[in-house]
Structures are given as structure tokens and as C-alpha cells.
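Enquirer: Structure file my_file.cif (mmCIF, C-alpha atoms) right here:
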data_run
loop_
_atom_site.group_PDB
_atom_site.id
_atom_site.type_symbol
_atom_site.label_atom_id
_atom_site.label_comp_id
_atom_site.auth_asym_id
_atom_site.auth_seq_id
_atom_site.Cartn_x
_atom_site.Cartn_y
_atom_site.Cartn_z
ATOM 1 C CA MET Z 116 85.201 89.756 88.904
ATOM 2 C CA SER Z 117 88.730 88.814 89.887
ATOM 3 C CA ILE Z 118 89.565 85.630 91.727
ATOM 4 C CA PHE Z 119 90.561 87.406 94.964
ATOM 5 C CA HIS Z 120 86.984 88.640 95.377
ATOM 6 C CA LEU Z 121 86.021 85.010 95.932
ATOM 7 C CA LYS Z 122 88.519 84.392 98.759
ATOM 8 C CA PRO Z 123 87.495 85.277 102.333
ATOM 9 C CA LEU Z 124 88.836 88.670 103.437
ATOM 10 C CA ARG Z 125 91.157 87.151 106.038
ATOM 11 C CA GLN Z 126 92.923 85.160 103.304
ATOM 12 C CA GLN Z 127 93.541 88.131 101.026
ATOM 13 C CA THR Z 128 96.753 90.110 100.960
ATOM 14 C CA ASP Z 129 96.855 93.671 102.216
ATOM 15 C CA GLU Z 130 97.273 94.866 98.647
ATOM 16 C CA GLN Z 131 94.218 92.905 97.484
ATOM 17 C CA LEU Z 132 92.187 94.370 100.334
ATOM 18 C CA MET Z 133 93.344 97.896 99.538
ATOM 19 C CA THR Z 134 92.468 97.422 95.868
ATOM 20 C CA ARG Z 135 88.989 96.317 96.940
ATOM 21 C CA ALA Z 136 88.722 99.240 99.361
ATOM 22 C CA ALA Z 137 89.704 101.615 96.557
ATOM 23 C CA SER Z 138 86.810 100.146 94.560
ATOM 24 C CA GLY Z 139 84.400 100.950 97.384
ATOM 25 C CA SER Z 140 84.485 97.905 99.676
ATOM 26 C CA ASP Z 141 84.165 99.107 103.259
ATOM 27 C CA THR Z 142 84.459 95.547 104.574
ATOM 28 C CA ALA Z 143 87.879 95.205 102.916
ATOM 29 C CA PHE Z 144 88.986 98.452 104.555
ATOM 30 C CA GLU Z 145 87.660 97.229 107.917
ATOM 31 C CA GLU Z 146 89.837 94.118 107.548
ATOM 32 C CA LEU Z 147 92.882 96.338 106.999
ATOM 33 C CA TYR Z 148 91.911 98.275 110.110
ATOM 34 C CA ARG Z 149 91.680 95.027 112.059
ATOM 35 C CA ARG Z 150 95.151 94.008 110.857
ATOM 36 C CA TYR Z 151 96.956 97.276 111.534
ATOM 37 C CA ALA Z 152 95.153 99.293 114.216
ATOM 38 C CA ARG Z 153 96.882 97.619 117.156
ATOM 39 C CA ARG Z 154 100.365 97.877 115.614
ATOM 40 C CA LEU Z 155 99.871 101.529 114.711
ATOM 41 C CA LYS Z 156 98.520 102.367 118.144
ATOM 42 C CA GLY Z 157 101.593 100.737 119.708
ATOM 43 C CA PHE Z 158 103.829 102.708 117.362
ATOM 44 C CA PHE Z 159 102.140 105.982 118.334
ATOM 45 C CA PHE Z 160 102.197 105.074 122.026
ATOM 46 C CA MET Z 161 105.984 104.655 121.872
ATOM 47 C CA GLN Z 162 106.581 107.707 119.701
ATOM 48 C CA LEU Z 163 104.261 110.143 121.453
ATOM 49 C CA GLY Z 164 105.438 109.751 125.010
ATOM 50 C CA GLY Z 165 103.160 106.953 126.192
ATOM 51 C CA ASN Z 166 99.988 109.000 125.812
ATOM 52 C CA GLU Z 167 97.317 106.372 125.169
ATOM 53 C CA GLU Z 168 94.599 108.858 124.193
ATOM 54 C CA LEU Z 169 96.877 110.608 121.700
ATOM 55 C CA ALA Z 170 97.979 107.206 120.343
ATOM 56 C CA ALA Z 171 94.349 106.170 119.809
ATOM 57 C CA ASP Z 172 93.474 109.504 118.160
ATOM 58 C CA SER Z 173 96.516 109.306 115.906
ATOM 59 C CA THR Z 174 95.672 105.729 114.910
ATOM 60 C CA HIS Z 175 92.200 106.833 113.888
ATOM 61 C CA ASP Z 176 93.724 109.747 111.962
ATOM 62 C CA VAL Z 177 95.885 107.314 109.961
ATOM 63 C CA PHE Z 178 92.857 105.296 108.934
ATOM 64 C CA LEU Z 179 90.775 108.373 108.233
ATOM 65 C CA ARG Z 180 93.487 109.685 105.899
ATOM 66 C CA ALA Z 181 93.916 106.269 104.297
ATOM 67 C CA TYR Z 182 90.155 105.948 103.803
ATOM 68 C CA GLU Z 183 89.878 109.422 102.311
ATOM 69 C CA SER Z 184 92.709 108.712 99.878
ATOM 70 C CA ARG Z 185 91.863 105.063 99.140
ATOM 71 C CA ILE Z 186 90.798 105.817 95.557
ATOM 72 C CA ARG Z 187 94.310 107.163 94.877
ATOM 73 C CA TYR Z 188 95.961 103.978 96.160
ATOM 74 C CA GLN Z 189 98.572 102.801 93.671
ATOM 75 C CA GLU Z 190 97.984 99.104 93.061
ATOM 76 C CA GLY Z 191 101.000 97.055 94.087
ATOM 77 C CA ARG Z 192 102.234 99.564 96.672
ATOM 78 C CA ASN Z 193 103.042 97.959 100.019
ATOM 79 C CA VAL Z 194 100.101 98.792 102.307
ATOM 80 C CA SER Z 195 102.044 98.538 105.571
ATOM 81 C CA THR Z 196 104.679 100.952 104.243
ATOM 82 C CA TRP Z 197 101.938 103.332 103.113
ATOM 83 C CA LEU Z 198 100.166 103.244 106.511
ATOM 84 C CA PHE Z 199 103.393 103.680 108.495
ATOM 85 C CA THR Z 200 104.390 106.578 106.216
ATOM 86 C CA ILE Z 201 101.143 108.288 107.163
ATOM 87 C CA ALA Z 202 101.822 107.464 110.838
ATOM 88 C CA TYR Z 203 105.377 108.782 110.673
ATOM 89 C CA ASN Z 204 104.182 112.020 109.102
ATOM 90 C CA LEU Z 205 101.535 112.421 111.805
ATOM 91 C CA CYS Z 206 104.242 112.034 114.461
ATOM 92 C CA ARG Z 207 106.347 114.667 112.730
ATOM 93 C CA ASN Z 208 103.346 116.994 112.619
ATOM 94 C CA GLN Z 209 102.750 116.396 116.313
ATOM 95 C CA TYR Z 210 106.346 117.261 117.152
ATOM 96 C CA ARG Z 211 106.232 120.295 114.908
ATOM 97 C CA SER Z 212 103.023 121.535 116.496
ATOM 98 C CA ASN Z 213 104.610 121.160 119.927
ATOM 99 C CA ALA Z 214 107.770 123.006 118.826
ATOM 100 C CA TYR Z 215 109.887 119.903 119.427
ATOM 101 C CA GLU Z 216 111.254 119.384 115.936
ATOM 102 C CA ALA Z 217 114.138 121.859 116.087
ATOM 103 C CA GLN Z 218 115.326 120.402 119.382
ATOM 104 C CA LEU Z 219 114.960 116.826 118.127
ATOM 105 C CA LEU Z 220 116.808 117.426 114.870
ATOM 106 C CA ALA Z 221 119.613 119.201 116.701
ATOM 107 C CA SER Z 222 119.909 116.303 119.120
ATOM 108 C CA LEU Z 223 120.647 113.854 116.279
ATOM 109 C CA ASP Z 224 124.234 115.034 116.127
ATOM 110 C CA ALA Z 225 124.584 115.632 119.862
ATOM 111 C CA GLU Z 226 126.345 113.144 122.071
ATOM 112 C CA PRO Z 227 123.917 110.931 123.983
ATOM 113 C CA MET Z 228 123.237 111.946 127.540
ATOM 114 C CA THR Z 229 125.216 110.048 130.134
ATOM 115 C CA GLU Z 230 123.410 107.214 131.784
ATOM 116 C CA GLN Z 231 122.204 107.740 135.302
ATOM 117 C CA PRO Z 232 122.894 104.788 137.589
ATOM 118 C CA ILE Z 233 119.946 102.404 137.652
ATOM 119 C CA GLU Z 234 119.722 99.696 140.270
ATOM 120 C CA VAL Z 235 118.039 96.683 138.718
ATOM 121 C CA GLN Z 236 118.101 92.917 139.053
ATOM 122 C CA LEU Z 237 119.554 90.990 136.142
ATOM 123 C CA ASP Z 238 116.365 89.384 134.947
ATOM 124 C CA ALA Z 239 114.485 89.657 131.675
ATOM 125 C CA ALA Z 240 111.814 91.996 133.077
ATOM 126 C CA ALA Z 241 114.407 94.428 134.370
ATOM 127 C CA LEU Z 242 116.249 94.393 131.046
ATOM 128 C CA ASP Z 243 113.012 95.053 129.164
ATOM 129 C CA GLN Z 244 112.204 97.940 131.478
ATOM 130 C CA ALA Z 245 115.714 99.366 131.102
ATOM 131 C CA LEU Z 246 115.491 99.074 127.307
ATOM 132 C CA GLU Z 247 112.153 100.900 127.295
ATOM 133 C CA GLN Z 248 113.742 103.669 129.356
ATOM 134 C CA VAL Z 249 116.705 103.967 126.994
ATOM 135 C CA LEU Z 250 114.390 104.056 123.987
ATOM 136 C CA SER Z 251 112.262 106.774 125.575
ATOM 137 C CA GLU Z 252 115.386 108.928 126.036
ATOM 138 C CA LEU Z 253 116.474 108.635 122.400
ATOM 139 C CA PRO Z 254 115.845 111.511 120.016
ATOM 140 C CA ALA Z 255 112.552 110.903 118.227
ATOM 141 C CA ALA Z 256 114.181 110.444 114.818
ATOM 142 C CA LEU Z 257 116.322 107.566 116.143
ATOM 143 C CA ARG Z 258 113.419 106.104 118.124
ATOM 144 C CA HIS Z 259 111.204 106.158 114.981
ATOM 145 C CA ILE Z 260 113.729 104.294 112.894
ATOM 146 C CA PHE Z 261 114.463 101.766 115.654
ATOM 147 C CA SER Z 262 110.746 101.157 116.193
ATOM 148 C CA LEU Z 263 109.942 100.778 112.509
ATOM 149 C CA HIS Z 264 112.806 98.363 111.879
ATOM 150 C CA TYR Z 265 113.072 96.293 115.064
ATOM 151 C CA GLN Z 266 109.602 96.468 116.562
ATOM 152 C CA GLU Z 267 107.433 96.714 113.433
ATOM 153 C CA GLU Z 268 109.885 94.487 111.523
ATOM 154 C CA LEU Z 269 109.944 96.653 108.414
ATOM 155 C CA THR Z 270 112.893 96.358 106.060
ATOM 156 C CA ILE Z 271 115.522 99.075 105.707
ATOM 157 C CA PRO Z 272 114.158 100.066 102.250
ATOM 158 C CA GLN Z 273 110.647 100.329 103.733
ATOM 159 C CA VAL Z 274 111.905 102.446 106.643
ATOM 160 C CA ALA Z 275 113.822 104.672 104.211
ATOM 161 C CA GLU Z 276 110.666 105.190 102.153
ATOM 162 C CA ILE Z 277 108.546 105.957 105.221
ATOM 163 C CA VAL Z 278 111.009 108.391 106.761
ATOM 164 C CA GLY Z 279 112.046 109.896 103.433
ATOM 165 C CA ILE Z 280 115.802 109.442 103.815
ATOM 166 C CA PRO Z 281 118.363 107.295 101.958
ATOM 167 C CA GLU Z 282 118.834 103.675 103.005
ATOM 168 C CA GLY Z 283 122.425 104.429 104.006
ATOM 169 C CA THR Z 284 121.204 107.067 106.450
ATOM 170 C CA VAL Z 285 118.743 104.571 107.930
ATOM 171 C CA LYS Z 286 121.582 102.063 108.407
ATOM 172 C CA SER Z 287 123.788 104.739 109.949
ATOM 173 C CA ARG Z 288 121.089 105.845 112.371
ATOM 174 C CA LEU Z 289 120.297 102.243 113.321
ATOM 175 C CA HIS Z 290 123.995 101.681 113.990
ATOM 176 C CA LYS Z 291 124.161 104.840 116.107
ATOM 177 C CA THR Z 292 121.039 103.782 118.016
ATOM 178 C CA MET Z 293 122.417 100.315 118.711
ATOM 179 C CA ASN Z 294 125.676 101.838 119.995
ATOM 180 C CA ILE Z 295 123.719 104.082 122.358
ATOM 181 C CA ILE Z 296 121.657 101.115 123.575
ATOM 182 C CA ARG Z 297 124.769 98.949 124.072
ATOM 183 C CA LYS Z 298 126.504 101.721 125.991
ATOM 184 C CA LYS Z 299 123.553 102.412 128.268
ATOM 185 C CA LEU Z 300 122.795 98.745 128.871
ATOM 186 C CA LYS Z 301 126.426 97.681 129.299
ATOM 187 C CA GLN Z 302 125.712 96.468 132.831
ATOM 188 C CA TYR Z 303 123.474 93.740 131.352
ATOM 189 C CA GLU Z 304 126.165 92.206 129.132
ATOM 190 C CA LYS Z 305 126.856 89.381 131.553
#
Could you render the structure from this file as C-alpha cells?
Expert:
Amino acid sequence: MSIFHLKPLRQQTDEQLMTRAASGSDTAFEELYRRYARRLKGFFFMQLGGNEELAADSTHDVFLRAYESRIRYQEGRNVSTWLFTIAYNLCRNQYRSNAYEAQLLASLDAEPMTEQPIEVQLDAAALDQALEQVLSELPAALRHIFSLHYQEELTIPQVAEIVGIPEGTVKSRLHKTMNIIRKKLKQYEK
């Protein structure tokens, strides 16, 4: 029996928990669910148009897929990257099933839509609301990368692995996204 089996579940790393789950420990997998369900649901909520029911269903799908493939977990692989890769692929499948993918991929190279005038007060709540609006108008591919890096605080290499593109492309898309956000929120600079 390894030493990490003696530590309480809450004190174990994600990788230790996943190794235990792969060996048949449902309580270890439940701890991973507790750690990631809320973050994944928030990710899906943002990526799937604010549909709470679809976000909840998609979150459960991530964990169902992870549970079903837990015995194939490669020890040492970053669990958060693995879970968000599954989540990203589910989002792509959702877009594909709704015939959005062609439009979204084409919009990556398109110029951003011009900002419609928004009358807001210059307070933090208004800025947050305006940022949410701008993010919701971004093409899904840019929104995914922004969300994974800035909201989920994943590194550029982790985002690149999840999305399946080179790190340089991730950096380029993050730069493009930040330029769009700066342009659309220019009125908040002061």
C-alpha cells in the first residue's frame, strides 16, 4: 500500500486521486468530482450560450467519460488538463451537432463585428457585464481559449494540449482576443 492511501482524500493530489480511482476507488473519483464539477459547469455555461441545463448535462458527461476510461488513465498526466480536454471536445461535438462549426471556424479569420453603442456607468459591475457581453460575441474557438487560460487559469501548454493546436497558435489567438476586448471596451480605459 502506498503512502498516499494513508492521507485523507482532500490532502491528495488530483493525480493521486485519479490513480486510486483507476484502481477502483469510487470515493477518490467522487473527490475529483467535488473538486472539478463546479469549474466544468461554469466552463460549459460560458461556452454553450448560458444554458444551465446543457451545462449540467455536459458536466455529467465529462465525469461519465472520465469514469468509464479511468482504468486507461496514464499515471502522471495532469488531471485538470485531461478533464478540460474532454470538456472541450464535448463543446466541439455540441457545435458540430448544431451545425455551428463551419460558421465558427470561418469567423476566426473574419474581422470582429463593430461594437454597438452601450450606455453604461463606469463602475466595476458595468465593466464586468460589458466584458461578459464581449466574450459572448466572440467566436467559440477564441472564447474557449480565453476561458481556459484566463478564467480556468490553465497554462498555455495545457490549453494547447486541450485544444489540440500549437502553443504559438494559442498565444496568437489570445493576443487577437485581447485586442478585440480592448477595442470593444475602449470606453472603459479611463
Enquirer: Given the PyMOL selection byres ((chain Z and resi 179-194) around 8) and the file above, list the residues it selects as a PyMOL selection string.
Expert: chain Z and resi 129-130+133-134+136-138+144+175-178+195-198+201
Enquirer: Pick the closest to Thr128 in chain Z from Z:Glu252, Z:Glu146, Z:Asp141, Z:Glu276: which is it, counting all atoms listed in the file?
Expert: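 Residue with the minimum atom-to-atom distance to Thr128 in chain Z: Z:Glu146.
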Enquirer: With distances taken over only C-alpha atoms, which residue among Z:Tyr151, Z:Phe160, Z:Phe261, Z:Phe199 lies nearest Ser287 in chain Z?
Expert: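 The closest residue to Ser287 in chain Z is Z:Phe261.
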Enquirer: I'd like the neighbourhood of Val249 in chain Z as a tab-separated table (two decimals) with C-alpha atoms, keeping the file's coordinate frame, where a residue qualifies if any of its atoms comes within 9 Å (using all atoms listed in the file), though same-chain residues fewer than 3 positions away should be ignored.
Expert:
chain	number	residue	atom	x	y	z
Z	230	GLU	CA	123.41	107.21	131.78
Z	244	GLN	CA	112.20	97.94	131.48
Z	245	ALA	CA	115.71	99.37	131.10
Z	246	LEU	CA	115.49	99.07	127.31
Z	252	GLU	CA	115.39	108.93	126.04
Z	253	LEU	CA	116.47	108.64	122.40
Z	295	ILE	CA	123.72	104.08	122.36
Z	296	ILE	CA	121.66	101.12	123.58
Z	299	LYS	CA	123.55	102.41	128.27
Z	300	LEU	CA	122.80	98.74	128.87
Enquirer: Can you work out which one of Z:Ala256, Z:Leu163, Z:Leu132, Z:Ala171 has the shortest atom-to-atom distance to Gly279 in chain Z, counting only C-alpha atoms?
Expert: Z:Ala256
Enquirer: Which one is closest to Ala255 in chain Z: Z:Gln127, Z:Thr292, Z:Thr200, Z:Gln302? Count only C-alpha atoms.
Expert: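 Among the listed residues, Z:Thr292 lies closest to Ala255 in chain Z.
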Enquirer: What does the distance between CA of Arg154 in chain Z and CA of Glu267 in chain Z come to in Å, to one decimal place?
Expert: 7.5 Å
Enquirer: For Gly283 in chain Z, list every protein, DNA or RNA residue within 12 Å, evaluated using only C-alpha atoms, and leave out those in the same chain fewer than 6 positions away; present the list as an MDAnalysis selection string.
Expert: chainID Z and resid 271:272 274:276 289:290
Enquirer: Rank nothing, just name the residue among Z:Asn204, Z:Leu250, Z:Lys122, Z:Ser140 nearest to Met161 in chain Z, using all atoms listed in the file.
Expert: Z:Leu250
Enquirer: Do you have the CA of Arg288 in chain Z-CA of Leu257 in chain Z distance handy?
Expert: 6.3 Å
Enquirer: With distances taken over all atoms listed in the file, which of Z:Ser173, Z:Asn294, Z:Gln162, Z:Gln131 is nearest to Leu147 in chain Z?
Expert: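 Using all atoms listed in the file, the shortest distance to Leu147 in chain Z belongs to Z:Gln131.
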Enquirer: Report the distance between CA of Ile260 in chain Z and CA of Ile277 in chain Z in Å, rounded to one decimal place.
Expert: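 Between these atoms lies a distance of 9.4 Å.
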Enquirer: Would you compute the box with edges along x, y and z of the file around range 187-202 of chain Z, including every atom the file lists for it and 5 Å extra on each side, and give its centre and edge lengths in Å to one decimal, as lines of an AutoDock Vina configuration file?
Expert:
center_x = 99.5
center_y = 102.7
center_z = 101.9
size_x = 20.4
size_y = 21.2
size_z = 27.8
